[in-house]
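Visitor: One structure follows; several queries about it will come next.
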Amino acid sequence: MKTFATTIITALIVAAEGVYAFPSTGTTPLRNEASKKDILIGSGAINPMYLNDPEFAAVLANQFNSLSPENEMKWSFINPTKGHYNWDTIDRLVNFAEDNNMVVKGHGLISSCCNPDFLLNITHPTAFRTAMKTHFEAIMHRYDGKIDRWDVVTEALKTQGGGLNNNTFYQVLGPGYIADAFRIARAAAPDAKLFINENLVESLPGKRQELYNLVSSFVAKGVPIDGVALQMHITEVAPKPGVITEMVNSYKALGLEVAIAELDVHTLDNAVETDIYDAVVSEALDAGITDISFWGFTDKHAYTWVQGAKPLMFDQCYKPKSEFYATHAALTNFVNRS
Ligand code: XIL
């Protein structure tokens with residue numbers, strides 16, 4: 001009997017710089033299916049250095065129609081000292097996306113990690129808010145027309161829920177920093193979609209409610225926000241069926257969108273992992289989510305806290321795993337059904 005492995009042939013892609021070989025999936029690219037229904041299917045965690053590897057670049061451009069950086073847009077990476085910006089890394093991503101007809105998702109304007117000393121040393125609220133405005137304007141203006149959606153604040157809530165994260169922004173500006181950030185972002189990029197990005201709400205009911213309370217209070221006060229980006233880093237256990245749908249519906253009632261920003265699955269059991277990819281992607285699409293990103297696509301560059309886990313859809317050599325086929329099937333079923 002022919003094994004799956006022996007049926008894998010090599011595909012060629014003609015990119016601007018040349019012709020590269022990478023393992024074929026034997027089926028259509030995810031982005032081809034997704035685009036039939038205007039769905040964004042993307043890979044986040046794209047460190048622009050990875051593009052030096054032609055196979056990486058080829059699979060990324062072949063399979064996905066959106067991408068986002070990993071850490072490179074976080075404050076200390078892009079703006080390590082006052083007035084100095086490292087544009088090269090993000091420019092490279094934006095150019096790659098343009099060449100390959102992909103959407104770029106801005107990730108990391110405010111994150112709990114990665115804030116530079118010059119910011120941490122500002123203790124006066126007015127000066128701190130000015131620094132935030134300067135930072136947002138520099139980045140959002142530079143990528144005006146090139147990045148049309150942003151994670152404005154990431155991980156505002158404590159990991160297990162139970163209040164706001166006690167980060168620098170909270171310490172200097174108080175709980176109002178989140179609304180401030182959204183107002184500054186809207187003024188800097190009036191046409192872009194603005195998201196609050198949060199983890200673990202799909203598995204922690206209390207935190208889910210807390211996020212809803214926070215976001216609905218923003219809507220009530222006219223704080224400019226367009227949606228909730230669920231990180232969806234899953235460890236071992238899938239979200240309870242119905243939870244994604246319930247979130248989509250409750251935010252839709254507020255006039256907001258729900259996106260999945262960083263899906264990956266951390267377990268040593270590949271069958272469980274595959275089932276979770278299927279369950280999450282299927283429910284998300286059925287619920288009306290039109291923007292799904294994974295936190296990377298190849299186990300060659302995976303970010304995991306479960307030792308030995310291989311959380312992504314392609315193996316270290318870019319061979320598609322069963323997680324890829326589950327995702328592809330969920331997508332094609334949805335596209336052909338709806
Ligand atoms: C992670 C990166 O992948 C790691 O390289 C870094 O050490 C920590 O941050 N949620 C987020 C992402 O919004 O920015 C995080 O990225 C993963 C969790």
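Going by the structure tokens order, chains are called A, B, ..., each with residues numbered from 1, while ligands are numbered from 1 in the order shown.
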Taking only C-alpha atoms and all ligand atoms into account, which residues have an atom no farther than 7 Å from ligand 1? I'd like them as a list in words.

Guide: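 The neighbouring residues of ligand 1 are, in order, Ala45, Glu70, Asn71, Gly108, Thr154, Glu155, Asn197, Asn199, Gln231 and Tyr303 of chain A.
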
Visitor: Generate a file of the selected residues that holds N, CA, C and O atoms, formatted as a JSON list (two decimals), in the first residue's frame.

Guide:
[["chain", "number", "residue", "atom", "x", "y", "z"],
["A", 45, "ALA", "N", 3.31, 35.48, 13.95],
["A", 45, "ALA", "CA", 4.64, 35.06, 14.42],
["A", 45, "ALA", "C", 5.64, 34.96, 13.28],
["A", 45, "ALA", "O", 6.48, 34.06, 13.25],
["A", 70, "GLU", "N", 6.06, 38.69, 14.71],
["A", 70, "GLU", "CA", 6.09, 38.00, 16.00],
["A", 70, "GLU", "C", 6.34, 39.05, 17.08],
["A", 70, "GLU", "O", 5.39, 39.58, 17.67],
["A", 71, "ASN", "N", 7.59, 39.41, 17.31],
["A", 71, "ASN", "CA", 7.91, 40.41, 18.34],
["A", 71, "ASN", "C", 8.34, 41.75, 17.75],
["A", 71, "ASN", "O", 8.49, 42.73, 18.48],
["A", 108, "GLY", "N", 1.19, 44.25, 18.34],
["A", 108, "GLY", "CA", 2.19, 44.59, 19.35],
["A", 108, "GLY", "C", 2.29, 46.04, 19.73],
["A", 108, "GLY", "O", 3.27, 46.42, 20.39],
["A", 154, "THR", "N", -2.70, 44.30, 23.86],
["A", 154, "THR", "CA", -2.61, 42.84, 23.98],
["A", 154, "THR", "C", -2.52, 42.47, 25.45],
["A", 154, "THR", "O", -1.78, 43.11, 26.21],
["A", 155, "GLU", "N", -3.28, 41.46, 25.84],
["A", 155, "GLU", "CA", -3.23, 40.94, 27.21],
["A", 155, "GLU", "C", -3.43, 42.03, 28.26],
["A", 155, "GLU", "O", -2.60, 42.21, 29.15],
["A", 197, "ASN", "N", -6.62, 42.35, 21.97],
["A", 197, "ASN", "CA", -6.16, 40.97, 21.77],
["A", 197, "ASN", "C", -6.03, 40.31, 23.15],
["A", 197, "ASN", "O", -5.38, 40.86, 24.04],
["A", 199, "ASN", "N", -5.89, 36.52, 25.68],
["A", 199, "ASN", "CA", -5.66, 35.07, 25.73],
["A", 199, "ASN", "C", -6.64, 34.37, 26.67],
["A", 199, "ASN", "O", -7.25, 35.00, 27.54],
["A", 231, "GLN", "N", -6.56, 35.18, 21.07],
["A", 231, "GLN", "CA", -5.26, 34.56, 20.76],
["A", 231, "GLN", "C", -5.45, 33.09, 20.41],
["A", 231, "GLN", "O", -4.93, 32.59, 19.44],
["A", 303, "TYR", "N", 6.63, 28.40, 18.98],
["A", 303, "TYR", "CA", 6.74, 28.99, 20.32],
["A", 303, "TYR", "C", 5.86, 28.11, 21.22],
["A", 303, "TYR", "O", 4.65, 28.08, 21.05]]

Visitor: Give the strand (DSSP E) residues of range 127-174 of chain A, as DSSP finds them on the backbone, and put them as a PyMOL selection string.

Guide: chain A and resi 147-154

Visitor: Could you please take those selected residues and save all heavy atoms as a compact mmCIF listing (two decimals), in the first residue's frame?

Guide:
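The resulting file, selection_38.txt, is reproduced below:
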# COMPACT_ATOMS: atom_id res chain seq x y z
N ILE A 147 -1.20 48.67 6.40
CA ILE A 147 -1.69 47.82 7.49
C ILE A 147 -3.06 48.36 7.86
O ILE A 147 -3.18 49.52 8.25
CB ILE A 147 -0.74 47.84 8.70
CG1 ILE A 147 0.64 47.30 8.30
CG2 ILE A 147 -1.33 47.04 9.85
CD1 ILE A 147 1.64 47.17 9.45
N ASP A 148 -4.08 47.53 7.70
CA ASP A 148 -5.43 48.05 7.90
C ASP A 148 -6.12 47.48 9.14
O ASP A 148 -7.30 47.67 9.33
CB ASP A 148 -6.28 47.80 6.65
CG ASP A 148 -6.62 46.32 6.47
OD1 ASP A 148 -6.01 45.47 7.17
OD2 ASP A 148 -7.48 46.01 5.64
N ARG A 149 -5.37 46.74 9.95
CA ARG A 149 -5.94 46.22 11.21
C ARG A 149 -4.83 46.08 12.24
O ARG A 149 -3.71 45.68 11.90
CB ARG A 149 -6.68 44.90 10.99
CG ARG A 149 -5.83 43.77 10.47
CD ARG A 149 -6.66 42.69 9.84
NE ARG A 149 -7.24 43.17 8.59
CZ ARG A 149 -8.45 42.83 8.15
NH1 ARG A 149 -9.19 41.99 8.82
NH2 ARG A 149 -8.90 43.32 7.01
N TRP A 150 -5.15 46.40 13.47
CA TRP A 150 -4.13 46.47 14.52
C TRP A 150 -4.63 45.82 15.80
O TRP A 150 -5.78 46.06 16.21
CB TRP A 150 -3.80 47.93 14.85
CG TRP A 150 -3.27 48.71 13.69
CD1 TRP A 150 -4.01 49.34 12.72
CD2 TRP A 150 -1.89 48.94 13.36
NE1 TRP A 150 -3.18 49.95 11.82
CE2 TRP A 150 -1.87 49.73 12.18
CE3 TRP A 150 -0.68 48.56 13.95
CZ2 TRP A 150 -0.67 50.13 11.58
CZ3 TRP A 150 0.50 48.97 13.35
CH2 TRP A 150 0.50 49.73 12.18
N ASP A 151 -3.76 45.07 16.45
CA ASP A 151 -3.97 44.71 17.85
C ASP A 151 -3.46 45.90 18.64
O ASP A 151 -2.25 46.13 18.71
CB ASP A 151 -3.15 43.47 18.24
CG ASP A 151 -3.69 42.20 17.61
OD1 ASP A 151 -4.87 42.18 17.21
OD2 ASP A 151 -2.93 41.22 17.53
N VAL A 152 -4.36 46.70 19.20
CA VAL A 152 -3.94 47.93 19.87
C VAL A 152 -3.41 47.61 21.26
O VAL A 152 -2.35 48.08 21.66
CB VAL A 152 -5.12 48.93 19.93
CG1 VAL A 152 -4.72 50.19 20.69
CG2 VAL A 152 -5.58 49.28 18.52
N VAL A 153 -4.16 46.81 21.99
CA VAL A 153 -3.71 46.40 23.33
C VAL A 153 -3.78 44.88 23.40
O VAL A 153 -4.78 44.27 23.03
CB VAL A 153 -4.59 47.01 24.44
CG1 VAL A 153 -4.16 46.53 25.81
CG2 VAL A 153 -4.54 48.55 24.38
N THR A 154 -2.70 44.30 23.86
CA THR A 154 -2.61 42.84 23.98
C THR A 154 -2.52 42.47 25.45
O THR A 154 -1.78 43.11 26.21
CB THR A 154 -1.34 42.36 23.24
OG1 THR A 154 -1.45 42.76 21.88
CG2 THR A 154 -1.19 40.86 23.29

Visitor: Quick one, how far is CA of Val215 in chain A from CA of Ile234 in chain A?

Guide: 22.7 Å

Visitor: Which residues in range 242-272 of chain A does DSSP call helix (DSSP H, G or I)? List them as a list in words.

Guide: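 Those in range 242-272 of chain A that DSSP calls helix (DSSP H, G or I) are Val243, Ile244, Thr245, Glu246, Met247, Val248, Asn249, Ser250, Tyr251, Lys252, Ala253, Asn270, Ala271 and Val272 of chain A.
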
Visitor: Take the residues that were just selected and, keeping N, CA, C and O atoms, output them as a JSON list (two decimals), in the first residue's frame.

Guide:
[["chain", "number", "residue", "atom", "x", "y", "z"],
["A", 243, "VAL", "N", -18.69, 27.76, 22.73],
["A", 243, "VAL", "CA", -18.13, 28.96, 23.38],
["A", 243, "VAL", "C", -17.70, 30.01, 22.33],
["A", 243, "VAL", "O", -17.96, 31.21, 22.50],
["A", 244, "ILE", "N", -17.09, 29.56, 21.26],
["A", 244, "ILE", "CA", -16.66, 30.52, 20.23],
["A", 244, "ILE", "C", -17.90, 31.19, 19.63],
["A", 244, "ILE", "O", -17.95, 32.42, 19.46],
["A", 245, "THR", "N", -18.90, 30.40, 19.35],
["A", 245, "THR", "CA", -20.14, 30.94, 18.76],
["A", 245, "THR", "C", -20.78, 31.96, 19.69],
["A", 245, "THR", "O", -21.20, 33.04, 19.26],
["A", 246, "GLU", "N", -20.82, 31.59, 20.97],
["A", 246, "GLU", "CA", -21.42, 32.51, 21.96],
["A", 246, "GLU", "C", -20.64, 33.85, 21.99],
["A", 246, "GLU", "O", -21.25, 34.93, 22.03],
["A", 247, "MET", "N", -19.33, 33.78, 21.94],
["A", 247, "MET", "CA", -18.54, 35.02, 21.94],
["A", 247, "MET", "C", -18.81, 35.84, 20.68],
["A", 247, "MET", "O", -19.02, 37.05, 20.75],
["A", 248, "VAL", "N", -18.81, 35.17, 19.55],
["A", 248, "VAL", "CA", -19.04, 35.90, 18.29],
["A", 248, "VAL", "C", -20.39, 36.61, 18.36],
["A", 248, "VAL", "O", -20.52, 37.79, 18.02],
["A", 249, "ASN", "N", -21.41, 35.90, 18.84],
["A", 249, "ASN", "CA", -22.75, 36.49, 18.87],
["A", 249, "ASN", "C", -22.85, 37.64, 19.86],
["A", 249, "ASN", "O", -23.48, 38.66, 19.58],
["A", 250, "SER", "N", -22.22, 37.47, 21.01],
["A", 250, "SER", "CA", -22.36, 38.55, 21.99],
["A", 250, "SER", "C", -21.61, 39.80, 21.53],
["A", 250, "SER", "O", -22.09, 40.92, 21.72],
["A", 251, "TYR", "N", -20.47, 39.65, 20.87],
["A", 251, "TYR", "CA", -19.76, 40.84, 20.38],
["A", 251, "TYR", "C", -20.46, 41.42, 19.14],
["A", 251, "TYR", "O", -20.47, 42.64, 18.93],
["A", 252, "LYS", "N", -21.05, 40.54, 18.35],
["A", 252, "LYS", "CA", -21.79, 41.02, 17.18],
["A", 252, "LYS", "C", -22.94, 41.93, 17.63],
["A", 252, "LYS", "O", -23.22, 42.96, 17.01],
["A", 253, "ALA", "N", -23.56, 41.55, 18.74],
["A", 253, "ALA", "CA", -24.66, 42.37, 19.26],
["A", 253, "ALA", "C", -24.18, 43.76, 19.68],
["A", 253, "ALA", "O", -24.96, 44.70, 19.74],
["A", 270, "ASN", "N", -0.74, 13.95, 18.83],
["A", 270, "ASN", "CA", -1.02, 14.53, 17.52],
["A", 270, "ASN", "C", -2.48, 14.38, 17.10],
["A", 270, "ASN", "O", -3.04, 15.26, 16.43],
["A", 271, "ALA", "N", -3.11, 13.27, 17.51],
["A", 271, "ALA", "CA", -4.52, 13.07, 17.12],
["A", 271, "ALA", "C", -5.41, 14.10, 17.81],
["A", 271, "ALA", "O", -6.31, 14.69, 17.20],
["A", 272, "VAL", "N", -5.12, 14.34, 19.08],
["A", 272, "VAL", "CA", -5.88, 15.35, 19.82],
["A", 272, "VAL", "C", -5.66, 16.72, 19.18],
["A", 272, "VAL", "O", -6.60, 17.49, 18.95]]

Visitor: Here is a test: counting only C-alpha atoms, which residue of A:Ile139, A:Ala220, A:Ala309, A:Val172 is nearest to Pro125 in chain A?

Guide: A:Val172

Visitor: With range 66-69 of chain A as the partner and 8 Å as the cut-off, tabulate the residues of range 95-185 of chain A that qualify, each row holding the nearest pair of atoms and their distance in Å to one decimal, using only C-alpha atoms, sorted by chain and rising number, as JSON lines.

Guide:
{"residue": "A:Ala97", "atom": "CA", "partner": "A:Leu67", "partner_atom": "CA", "distance": 7.5}
{"residue": "A:Met102", "atom": "CA", "partner": "A:Ser66", "partner_atom": "CA", "distance": 4.8}
{"residue": "A:Val103", "atom": "CA", "partner": "A:Ser66", "partner_atom": "CA", "distance": 4.4}
{"residue": "A:Val104", "atom": "CA", "partner": "A:Leu67", "partner_atom": "CA", "distance": 5.2}
{"residue": "A:Lys105", "atom": "CA", "partner": "A:Ser68", "partner_atom": "CA", "distance": 4.9}
{"residue": "A:Gly106", "atom": "CA", "partner": "A:Ser68", "partner_atom": "CA", "distance": 6.2}
{"residue": "A:His107", "atom": "CA", "partner": "A:Ser68", "partner_atom": "CA", "distance": 6.4}

Visitor: Between A:Leu263, A:Cys114, A:Ala21, A:Leu164, which residue has the minimum interatomic distance to Glu55 in chain A, considering only C-alpha atoms?

Guide: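 Checking each candidate against Glu55 in chain A, we get A:Ala21 as the closest.
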
Visitor: Can you tell me which residues surround Leu312 in chain A at a distance of at most 9 Å, considering only C-alpha atoms, apart from same-chain residues fewer than 4 positions away, and format the answer as a VMD selection string?

Guide: chain A and resid 263 to 266 294 to 299 302 321 323 to 324

Visitor: As a ChimeraX atom specification, please: the residues near Lys37 in chain A (cut-off 12 Å, only C-alpha atoms, same-chain neighbours under 2 positions excluded).

Guide: /A:30-35,39-41,285,288-291,331-338

Visitor: Residues of the last selection are to be written out with N, CA and C atoms, as a CSV table (one decimal), in the first residue's frame.

Guide:
chain,number,residue,atom,x,y,z
A,30,LEU,N,-4.6,26.7,1.3
A,30,LEU,CA,-5.6,27.2,2.1
A,30,LEU,C,-6.2,28.6,1.6
A,31,ARG,N,-5.2,29.4,1.2
A,31,ARG,CA,-5.7,30.8,0.8
A,31,ARG,C,-6.6,30.8,-0.4
A,32,ASN,N,-6.4,29.8,-1.3
A,32,ASN,CA,-7.3,29.7,-2.5
A,32,ASN,C,-8.7,29.4,-2.0
A,33,GLU,N,-8.9,28.5,-1.1
A,33,GLU,CA,-10.2,28.2,-0.6
A,33,GLU,C,-10.8,29.4,0.2
A,34,ALA,N,-10.0,29.9,1.1
A,34,ALA,CA,-10.4,31.0,1.9
A,34,ALA,C,-10.9,32.2,1.1
A,35,SER,N,-10.2,32.5,0.0
A,35,SER,CA,-10.5,33.7,-0.8
A,35,SER,C,-11.9,33.6,-1.5
A,39,ILE,N,-12.3,35.2,3.2
A,39,ILE,CA,-11.8,34.9,4.5
A,39,ILE,C,-10.3,35.1,4.5
A,40,LEU,N,-9.8,35.7,5.6
A,40,LEU,CA,-8.4,35.8,5.8
A,40,LEU,C,-7.9,34.6,6.6
A,41,ILE,N,-6.9,33.9,6.0
A,41,ILE,CA,-6.3,32.8,6.7
A,41,ILE,C,-4.8,33.1,6.7
A,285,LEU,N,-15.6,29.3,11.7
A,285,LEU,CA,-16.1,29.7,10.4
A,285,LEU,C,-17.7,29.6,10.5
A,288,GLY,N,-19.2,32.6,11.9
A,288,GLY,CA,-19.1,33.9,11.1
A,288,GLY,C,-17.7,34.6,11.2
A,289,ILE,N,-16.7,33.9,11.9
A,289,ILE,CA,-15.4,34.5,11.9
A,289,ILE,C,-14.8,34.5,10.5
A,290,THR,N,-14.3,35.6,10.1
A,290,THR,CA,-13.7,35.7,8.7
A,290,THR,C,-12.2,36.0,8.7
A,291,ASP,N,-11.6,36.0,9.9
A,291,ASP,CA,-10.2,36.3,10.0
A,291,ASP,C,-9.5,35.4,11.0
A,331,LEU,N,-12.1,24.2,6.2
A,331,LEU,CA,-12.3,25.4,5.3
A,331,LEU,C,-13.1,25.0,4.0
A,332,THR,N,-12.7,24.0,3.4
A,332,THR,CA,-13.4,23.6,2.1
A,332,THR,C,-14.8,23.2,2.4
A,333,ASN,N,-15.1,22.5,3.5
A,333,ASN,CA,-16.5,22.2,3.8
A,333,ASN,C,-17.3,23.4,4.0
A,334,PHE,N,-16.7,24.4,4.7
A,334,PHE,CA,-17.4,25.6,5.0
A,334,PHE,C,-17.7,26.4,3.7
A,335,VAL,N,-16.6,26.5,2.9
A,335,VAL,CA,-16.7,27.3,1.7
A,335,VAL,C,-17.7,26.7,0.7
A,336,ASN,N,-17.7,25.3,0.6
A,336,ASN,CA,-18.6,24.7,-0.3
A,336,ASN,C,-20.0,24.6,0.1
A,337,ARG,N,-20.2,24.7,1.4
A,337,ARG,CA,-21.5,24.6,2.0
A,337,ARG,C,-22.3,25.9,2.1
A,338,SER,N,-21.5,27.0,2.3
A,338,SER,CA,-22.2,28.2,2.6
A,338,SER,C,-22.4,29.0,1.3

Visitor: Rounded to one decimal place, report the CA of Phe96 in chain A-CA of Arg142 in chain A distance in Å.

Guide: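 Rounded to one decimal, the two atoms are 16.1 Å apart.
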
Visitor: Counting only C-alpha atoms, which of A:Phe182, A:Trp75, A:Tyr325, A:Phe56 gets nearest to Asn115 in chain A?

Guide: A:Trp75

Visitor: Extract, using only C-alpha atoms, all DNA, RNA and protein residues at most 10 Å from Pro175 in chain A, discarding same-chain residues fewer than 5 positions from it, and format them as a PyMOL selection string.

Guide: chain A and resi 156+163-166+169-170+180

Visitor: To one decimal in Å, tell me the separation between CA of Ala259 in chain A and CA of Arg208 in chain A.

Guide: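 Distance reported for this atom pair: 14.8 Å.
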